[in-house]
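J.: Okay, so here is data16.cif, and as you'll see once you scroll down, it has mmCIF, C-alpha atoms.
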data_start
#
loop_
_atom_site.label_atom_id
_atom_site.label_comp_id
_atom_site.auth_asym_id
_atom_site.auth_seq_id
_atom_site.Cartn_x
_atom_site.Cartn_y
_atom_site.Cartn_z
CA MET A 688 20.00 149.05 50.81
CA LEU A 689 17.48 148.03 53.46
CA GLU A 690 14.68 149.74 51.55
CA TYR A 691 14.55 146.62 49.38
CA ALA A 692 12.52 143.76 50.84
CA PHE A 693 14.79 141.06 49.41
CA MET A 694 17.80 142.60 51.17
CA ARG A 695 15.97 142.69 54.51
CA TYR A 696 14.95 139.06 54.01
CA GLY A 697 18.55 138.21 53.13
CA PHE A 698 19.91 139.72 56.36
CA ILE A 699 17.28 137.97 58.48
CA ALA A 700 17.90 134.65 56.73
CA SER A 701 21.64 135.05 57.25
CA PHE A 702 21.11 135.50 60.97
CA PHE A 703 19.28 132.17 61.34
CA ILE A 704 21.70 130.41 58.99
CA SER A 705 24.58 131.65 61.17
CA ILE A 706 22.91 130.28 64.31
CA LEU A 707 22.54 126.88 62.66
CA CYS A 708 26.15 126.96 61.47
CA GLY A 709 27.27 127.94 64.97
CA PHE A 710 25.69 124.87 66.55
CA MET A 711 26.22 122.35 63.77
CA GLY A 712 29.62 123.55 62.56
CA VAL A 713 31.34 122.95 65.90
CA PHE A 714 30.17 119.35 65.97
CA VAL A 715 30.89 118.81 62.27
CA VAL A 716 34.52 119.77 62.91
CA SER A 717 34.85 117.90 66.23
CA ARG A 718 33.32 114.74 64.78
CA ARG A 719 35.43 115.04 61.61
CA THR A 720 32.44 114.78 59.31
CA SER A 721 33.48 117.57 56.94
CA PHE A 722 33.77 115.12 54.06
CA PHE A 723 30.24 113.88 54.68
CA THR A 724 28.98 117.46 54.90
CA HIS A 725 30.42 118.09 51.45
CA THR A 726 28.72 114.94 50.19
CA LEU A 727 25.41 116.07 51.69
CA SER A 728 25.66 119.29 49.70
CA GLU A 729 25.96 117.20 46.53
CA ILE A 730 23.10 114.96 47.63
CA GLY A 731 21.07 118.11 48.33
CA PHE A 732 21.67 119.20 44.74
CA ALA A 733 20.21 115.89 43.53
CA GLY A 734 17.26 116.21 45.92
CA ALA A 735 16.47 119.74 44.76
CA ALA A 736 16.62 118.61 41.14
CA PHE A 737 14.28 115.72 42.02
CA GLY A 738 11.86 118.18 43.62
CA LEU A 739 11.82 120.24 40.41
CA PHE A 740 11.35 117.06 38.38
CA ILE A 741 8.24 115.91 40.28
CA GLY A 742 6.87 119.45 40.46
CA THR A 743 7.21 120.08 44.21
CA SER A 744 9.39 122.34 46.34
CA PRO A 745 13.15 121.79 45.96
CA VAL A 746 13.40 121.88 49.77
CA ILE A 747 11.16 118.82 50.09
CA GLY A 748 13.30 116.93 47.59
CA MET A 749 16.46 117.93 49.44
CA LEU A 750 15.06 116.83 52.80
CA ILE A 751 14.01 113.45 51.40
CA PHE A 752 17.33 112.72 49.74
CA THR A 753 19.65 114.01 52.47
CA ILE A 754 17.79 112.41 55.37
CA LEU A 755 17.52 109.02 53.63
CA SER A 756 21.19 109.07 52.72
CA SER A 757 22.09 110.04 56.32
CA LEU A 758 20.12 107.08 57.64
CA MET A 759 21.81 104.70 55.21
CA ILE A 760 25.33 105.98 55.92
CA GLY A 761 24.64 106.21 59.66
CA THR A 762 23.78 102.52 59.82
CA VAL A 763 26.96 101.49 58.01
CA GLY A 764 28.84 101.69 61.30
CA ASN A 765 31.74 103.64 62.72
CA LYS A 766 34.53 101.96 60.79
CA VAL A 767 36.20 104.85 58.98
CA SER A 768 37.23 103.05 55.79
CA ARG A 769 33.77 101.54 55.32
CA ARG A 770 31.99 104.84 55.95
CA GLU A 771 34.29 106.80 53.62
CA SER A 772 33.79 104.24 50.87
CA SER A 773 30.02 104.47 51.29
CA ILE A 774 30.13 108.28 51.22
CA SER A 775 32.19 108.22 47.99
CA VAL A 776 29.68 105.90 46.35
CA PHE A 777 26.73 108.08 47.39
CA SER A 778 28.50 111.22 46.21
CA GLY A 779 29.06 109.98 42.66
CA LEU A 780 25.61 108.42 42.41
CA PHE A 781 23.69 111.48 43.55
CA ILE A 782 25.62 113.93 41.36
CA GLY A 783 24.65 111.77 38.40
CA LEU A 784 21.02 111.62 39.57
CA GLY A 785 20.94 115.40 40.00
CA ILE A 786 22.08 115.95 36.42
CA LEU A 787 19.52 113.38 35.20
CA PHE A 788 16.59 114.95 37.08
CA LEU A 789 17.50 118.44 35.84
CA SER A 790 17.57 117.24 32.25
CA LEU A 791 14.25 115.42 32.64
CA ALA A 792 12.64 118.40 34.35
CA ASN A 793 13.28 120.62 31.30
CA THR A 794 14.03 123.59 33.53
CA GLN A 795 16.15 126.59 32.64
CA SER A 796 19.85 126.57 33.47
CA SER A 797 19.22 129.31 36.06
CA TYR A 798 17.51 126.74 38.27
CA ALA A 799 20.67 124.64 38.37
CA THR A 800 22.71 127.74 39.16
CA ASN A 801 20.40 128.67 42.04
CA ILE A 802 20.60 125.15 43.46
CA LEU A 803 24.40 125.07 43.35
CA PHE A 804 25.18 128.64 44.34
CA GLY A 805 22.00 129.79 46.06
CA SER A 806 20.02 132.98 45.76
CA ILE A 807 20.35 134.70 49.10
CA VAL A 808 19.37 138.07 47.62
CA GLY A 809 16.34 136.60 45.92
CA ILE A 810 14.69 135.00 48.95
CA GLY A 811 10.94 135.52 49.32
CA VAL A 812 8.84 135.85 52.42
CA ASN A 813 7.62 132.23 52.17
CA ASP A 814 11.21 130.98 51.91
CA LEU A 815 12.10 133.05 54.96
CA LYS A 816 9.20 131.64 56.99
CA THR A 817 10.21 128.09 56.05
CA LEU A 818 13.82 128.77 56.99
CA ILE A 819 12.93 130.26 60.39
CA THR A 820 10.48 127.47 61.26
CA LEU A 821 12.84 124.64 60.37
CA SER A 822 15.78 126.43 62.01
CA VAL A 823 13.90 126.65 65.32
CA ILE A 824 12.99 122.94 65.11
CA ILE A 825 16.61 121.95 64.40
CA ILE A 826 18.00 124.12 67.20
CA ILE A 827 15.50 122.71 69.72
CA ALA A 828 16.47 119.18 68.67
CA ILE A 829 20.16 119.99 69.12
CA LEU A 830 19.55 121.42 72.60
CA LEU A 831 17.58 118.31 73.60
CA ILE A 832 20.52 116.02 72.78
CA TYR A 833 23.25 118.57 73.51
CA ARG A 834 24.78 116.88 76.56
CA ARG A 835 24.90 113.46 74.95
CA LEU A 836 26.12 114.91 71.64
CA LYS A 837 28.87 116.85 73.41
CA TYR A 838 29.97 113.75 75.29
CA ASN A 839 29.84 111.68 72.11
CA SER A 840 31.79 114.25 70.08
CA PHE A 841 34.53 115.33 72.49
CA ASP A 842 35.08 112.22 74.61
CA GLY A 843 35.97 109.49 72.15
CA THR A 844 37.24 107.11 74.80
CA GLY A 845 34.11 107.36 76.92
CA SER A 846 31.72 107.08 74.00
CA HIS A 847 33.54 103.95 72.84
CA PHE A 848 32.16 102.14 75.88
CA ASN A 849 28.63 103.27 75.08
CA ALA A 850 28.36 101.95 71.56
CA GLY A 851 24.55 101.84 71.61
CA TYR A 852 24.26 105.49 72.52
CA ASP A 853 27.08 106.32 70.12
CA THR A 854 25.28 104.86 67.11
CA ALA A 855 21.93 106.43 68.01
CA ILE A 856 23.40 109.89 68.59
CA SER A 857 25.43 109.63 65.39
CA ILE A 858 22.33 108.86 63.35
CA ILE A 859 20.35 111.68 64.99
CA PHE A 860 23.22 114.10 64.36
CA LEU A 861 23.47 113.08 60.71
CA ILE A 862 19.73 113.63 60.28
CA LEU A 863 20.01 117.09 61.87
CA LEU A 864 23.00 117.85 59.64
CA ALA A 865 21.05 116.73 56.58
CA SER A 866 18.15 118.96 57.59
CA THR A 867 20.51 121.90 58.12
CA VAL A 868 22.04 121.47 54.67
CA SER A 869 18.60 121.21 53.07
CA VAL A 870 17.18 124.24 54.86
CA THR A 871 20.10 126.55 54.20
CA ALA A 872 21.30 125.37 50.80
CA GLN A 873 18.27 126.80 49.02
CA ILE A 874 19.53 130.25 50.00
CA VAL A 875 23.31 130.05 50.12
CA GLY A 876 23.67 127.17 47.66
CA SER A 877 24.56 123.52 48.06
CA LEU A 878 28.25 124.31 47.44
CA LEU A 879 28.56 127.27 49.80
CA ILE A 880 26.81 125.69 52.79
CA PHE A 881 29.75 123.28 53.02
CA ALA A 882 32.05 126.27 53.54
CA LEU A 883 29.80 127.85 56.18
CA LEU A 884 29.50 124.60 58.12
CA THR A 885 33.25 123.96 58.28
CA ILE A 886 35.43 127.07 57.87
CA PRO A 887 34.05 129.30 60.70
CA ALA A 888 34.13 126.45 63.22
CA SER A 889 37.63 125.45 62.11
CA ALA A 890 38.76 129.04 62.74
CA ALA A 891 36.95 129.37 66.07
CA LYS A 892 38.73 126.40 67.66
CA PHE A 893 42.05 128.29 67.51
CA PHE A 894 40.69 131.12 69.68
CA VAL A 895 38.54 129.36 72.30
CA HIS A 896 38.64 125.92 73.86
CA ASN A 897 35.19 125.33 75.32
CA VAL A 898 32.13 124.20 73.38
CA TRP A 899 29.83 127.16 74.06
CA GLY A 900 32.66 129.56 73.30
CA MET A 901 33.30 127.84 69.96
CA ILE A 902 29.58 127.86 69.13
CA PHE A 903 29.32 131.59 69.84
CA LEU A 904 32.48 132.51 67.92
CA THR A 905 31.45 130.31 64.98
CA PHE A 906 28.11 132.12 64.93
CA ILE A 907 29.91 135.50 64.92
CA PHE A 908 32.24 134.46 62.08
CA SER A 909 29.31 133.14 60.05
CA LEU A 910 27.19 136.22 60.70
CA VAL A 911 29.94 138.70 59.83
CA GLY A 912 30.77 136.76 56.67
CA THR A 913 27.19 136.57 55.40
CA TRP A 914 26.21 140.13 56.34
CA ALA A 915 29.41 141.60 54.93
CA GLY A 916 28.97 139.43 51.85
CA LEU A 917 25.48 140.82 51.31
CA TYR A 918 26.72 144.38 51.68
CA PHE A 919 29.68 143.99 49.32
CA SER A 920 27.50 142.17 46.80
CA TYR A 921 25.02 145.03 46.88
CA ILE A 922 27.61 147.75 46.23
CA THR A 923 29.65 145.82 43.62
CA ASP A 924 27.00 143.59 41.99
CA TRP A 925 29.42 140.67 42.36
CA PRO A 926 28.13 137.25 43.55
CA VAL A 927 27.43 137.16 47.27
CA SER A 928 28.79 133.60 47.39
CA PHE A 929 32.26 134.84 46.43
CA PHE A 930 32.39 137.41 49.23
CA ILE A 931 31.14 134.99 51.88
CA ALA A 932 33.68 132.32 50.92
CA ALA A 933 36.50 134.89 50.76
CA ILE A 934 35.66 136.44 54.15
CA GLU A 935 35.36 133.08 55.91
CA SER A 936 38.66 131.96 54.38
CA ALA A 937 40.27 135.18 55.66
CA PHE A 938 39.00 134.39 59.17
CA TYR A 939 40.64 130.97 58.95
CA LEU A 940 43.96 132.40 57.77
CA VAL A 941 43.93 134.90 60.65
CA ALA A 942 43.18 132.06 63.09
CA ILE A 943 46.10 129.98 61.80
CA SER A 944 48.42 132.99 62.02
CA TYR A 945 47.26 133.68 65.58
CA ASP A 946 47.87 130.07 66.59
CA ARG A 947 51.38 130.10 65.13
CA LEU A 948 52.28 133.34 66.88
CA LYS A 949 50.92 132.04 70.18
CA ASN A 950 52.86 128.78 69.93
CA HIS A 951 55.97 130.61 68.82
CA ASP A 952 55.85 132.82 71.91
#
Show me, as structure tokens, the structure contained in the file I just sent.

T.:
Amino acid sequence: MLEYAFMRYGFIASFFISILCGFMGVFVVSRRTSFFTHTLSEIGFAGAAFGLFIGTSPVIGMLIFTILSSLMIGTVGNKVSRRESSISVFSGLFIGLGILFLSLANTQSSYATNILFGSIVGIGVNDLKTLITLSVIIIIAILLIYRRLKYNSFDGTGSHFNAGYDTAISIIFLILLASTVSVTAQIVGSLLIFALLTIPASAAKFFVHNVWGMIFLTFIFSLVGTWAGLYFSYITDWPVSFFIAAIESAFYLVAISYDRLKNHD
């Protein structure tokens, strides 16, 4: 299997994607922004289609669309009803724009499939270099704001009295989340990245109760899911996206069962 270059690239890409999901997923779950993460995946689809339409890289289009939408939603404020309404509006609008740009770009239907479901086994060396570079930048940015982000995410009462910091950190986090979705969606798909950014972290919180522990376990769940998905896809010729989603869902079911048994005892 590893004699093929695209499989080696897929395993390396999965490693960096899992690191990103380990860091970002924990805060996505703790900040309850899963719905927005799903919306970003849809916005990323529109951005990638826009990139194809103007003849540039789909990643550039995704970065432009997701970051701009994060800035707009981030400045709406922290009122839940207002933010959810804004997210719903953006979601419908950008799905429509994505379909429009794809039709105007006159591209083959396979391009739309790759955008939605990714092509982790078809990644090239240039895609891998881009992924690694942007992953390192995102991780460094997370580490620079880690203490404030942790305080903002896990101490709601304390952050309430620091509204200025709260808004700034929220906007920075949304921009980092948008960048993560854009960087990884080209490989695992704009639909699947939502699963990787939410399910492993949701499972990890049932086993450990400190932030670094959750980050590490989320990384392990993501890595096992993507690597096992690549292997099973190779030997069965079934879509890698199916295996990754199924494995991560299995982790979550095991975590729920473990939590129930522990509470029952």

J.: Between A:Ile819, A:Leu861, A:Ile810, A:Ile856, single out the one closest to A:Phe693, counting only C-alpha atoms.

T.: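 Once distances to A:Phe693 are computed over only C-alpha atoms, the minimum belongs to A:Ile810.
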
J.: Between atom CA of A:Val927 and atom CA of A:Ser705, what distance in Å does the model show, to one decimal?

T.: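 About the pair atom CA of A:Val927 and atom CA of A:Ser705: they are 15.2 Å apart.
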
J.: I'd like to know which of A:Phe894, A:Ala932, A:Gly916, A:Phe740 is closest to A:Lys949, using only C-alpha atoms.

T.: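 Smallest separation from A:Lys949 among the options: A:Phe894.
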
J.: What does the PyMOL selection byres ((chain A and resi 725) around 12) select in this file, as a count of residues only?

T.: 34

J.: Find, counting only C-alpha atoms, the residue in A:Leu917, A:Ala736, A:Val713, A:Leu689 that gets nearest to A:Leu904.

T.: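 So, comparing all the options, the nearest one is A:Val713.
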
J.: Could you work out how far atom CA of A:Gly912 lies from atom CA of A:Ile931, giving the answer in Å with one decimal?

T.: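 Distance between the two atoms: 5.1 Å.
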
J.: Mind checking which residues fall within 12 Å of stretch 826-838 of chain A, counting all atoms listed in the file, ignoring those fewer than 6 positions away in the same chain, and posting them as a VMD selection string?

T.: chain A and resid 703 to 711 713 to 715 717 to 718 818 to 820 844 to 849 852 to 864 866 to 867 897 to 899 902

J.: Of the candidates A:Tyr921, A:Phe893, A:Phe903, A:Phe841, which one gets nearest to A:Ala942 if we count all atoms listed in the file?

T.: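 The answer is A:Phe893, which sits nearest to A:Ala942.
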
J.: Using Å and a single decimal, report how far atom CA of A:Gly712 sits from atom CA of A:Leu821.

T.: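 It comes out at 17.0 Å.
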
J.: My list of candidates is A:Ser822, A:Asn839, A:Ser701, A:Thr905. Which is closest to A:Ile874 when distances are computed with all atoms listed in the file?

T.: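 Answer, going by the shortest atom-to-atom distance: A:Ser701.
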
J.: Around all the atoms of stretch 856-866 of chain A listed in the file, with 5 Å of room on each side, what axis-aligned box do you get, giving centre and edge lengths in Å to one decimal, as lines of an AutoDock Vina configuration file?

T.:
center_x = 21.8
center_y = 113.9
center_z = 62.6
size_x = 17.3
size_y = 20.1
size_z = 22.0

J.: Taking only C-alpha atoms into account, which of A:Tyr691, A:Phe781, A:Phe930, A:Phe702 comes nearest A:Ile907?

T.: A:Phe702
